[in-house]
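First comes the structure, then the notes that go with it.
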Amino acid sequence: MNSYVKNMVRFCVIMLIQIFILNKITLQWWLQPAGFPIFIPYVYPLFILLLPFDTSVVTLLILGFITGLTVDIFTGTAGMHACATVLLAYLRTNVLNALLAKNPSEYYSQSPSIKNMGWMPFLVYSGFLILLHHIVFFIVELWSLNNIGYLMLKIVASALTSLLFIIAYILLFTRQTASR
């Protein structure tokens, strides 16, 4: 399948999952102890994470903005998702450069995946960028560092849950033929 068509289908599937399923549920890690945040897992950054290695930074930034803006439109969050996703798109290439043995542009027409990177590098790559995305999103959302404990708890709980949903997506929707 053509890379453009494959990524357009992936964008639609991820957006449908995020907007019509995940945004409709709220999760709690425990039975609502005093002050424990309720949160929504965000898997839509996975679209940016799974774009081909040779995607230019400008293209990543544009697609990051479109991805975040799409979620913002359906959630009424006034650019908060776009802000966090553009940062994720900007940092993606640097994180890949740090994790991969060769330059990401040498992986012609390939995407970051467990098959291409192995489990640990892919989990570090996605986990680090998801955590950064969530830090930016929740700081912009709360717009205050007065209750830093609440903020940290919300970031960690949401990032861990989002990463679990991302792993589930990877296992369900991608072919795993070989891993390192």
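Identifiers in this document derive from the order of the structure tokens: chains are assigned A, B, ..., residues are numbered from 1 separately in each chain, and ligands are numbered from 1 in order of occurrence.
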Counting only C-alpha atoms, which residues of region 58-102 of chain A fall within 9 Å of region 122-127 of chain A, and what is the closest atom pair for each with its distance in Å at one decimal, ordered by chain and rising number, as JSON lines?
{"residue": "A:Arg92", "atom": "CA", "partner": "A:Tyr125", "partner_atom": "CA", "distance": 8.4}
{"residue": "A:Val95", "atom": "CA", "partner": "A:Tyr125", "partner_atom": "CA", "distance": 6.7}
{"residue": "A:Leu96", "atom": "CA", "partner": "A:Tyr125", "partner_atom": "CA", "distance": 7.1}
{"residue": "A:Leu99", "atom": "CA", "partner": "A:Tyr125", "partner_atom": "CA", "distance": 7.4}
How about saving the chosen residues, N, CA and C atoms kept, as a PDB file, in the first residue's frame?
ATOM      1  N   ARG A  92      10.817  14.799  17.741  1.00  0.00           N
ATOM      2  CA  ARG A  92      10.823  13.415  17.262  1.00  0.00           C
ATOM      3  C   ARG A  92      12.129  13.038  16.573  1.00  0.00           C
ATOM      4  N   VAL A  95      15.100  12.680  19.015  1.00  0.00           N
ATOM      5  CA  VAL A  95      15.008  11.473  19.838  1.00  0.00           C
ATOM      6  C   VAL A  95      15.389  10.251  18.999  1.00  0.00           C
ATOM      7  N   LEU A  96      14.918  10.188  17.765  1.00  0.00           N
ATOM      8  CA  LEU A  96      15.296   9.071  16.885  1.00  0.00           C
ATOM      9  C   LEU A  96      16.794   9.062  16.616  1.00  0.00           C
ATOM     10  N   LEU A  99      18.534   7.507  19.541  1.00  0.00           N
ATOM     11  CA  LEU A  99      18.273   6.090  19.802  1.00  0.00           C
ATOM     12  C   LEU A  99      18.772   5.134  18.723  1.00  0.00           C
TER      13      LEU A  99
END
(request) Excluding Leu132 (chain A) and any residue of its chain fewer than 2 positions from it, enumerate the residues within 12 Å of it, using only C-alpha atoms, and give them as a list in words. (result) Pro45, Cys83, Ala84, Thr85, Val86, Leu87, Leu88, Ala89, Tyr90, Leu91, Arg92, Val95, Tyr125, Ser126, Gly127, Phe128, Leu129, Ile130, His134, Ile135, Val136, Phe137, Phe138, Ile139, Ile155, Val156, Ser158 and Ala159 of chain A
(request) Show which residues sit within 12 Å of Phe74 (chain A), as a ChimeraX atom specification. Count only C-alpha atoms, and ignore same-chain residues fewer than 3 positions away. (result) /A:15-16,18-20,23-24,67-71,77-79,81
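Residue nearest Phe39 (chain A) within the list A:Ala157, A:Met80, A:Trp119, A:Leu61: A:Ala157 [criterion: smallest interatomic distance, only C-alpha atoms].
Distances to Thr26 (chain A) were evaluated for A:Val5, A:Ile62, A:Leu51, A:Ile40 using only C-alpha atoms, and the minimum falls at A:Ile40.
CA of Phe47 (chain A) sits 8.7 Å away from CA of Gly64 (chain A).
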(request) Between CA of Ser111 (chain A) and CA of Asp54 (chain A), measure the distance and give it in Å to one decimal. (result) 8.3 Å
(request) Return the single residue from A:Thr174, A:Ile14, A:Asn7, A:Val43 that is closest to Ile114 (chain A), with distances computed using only C-alpha atoms. (result) A:Thr174
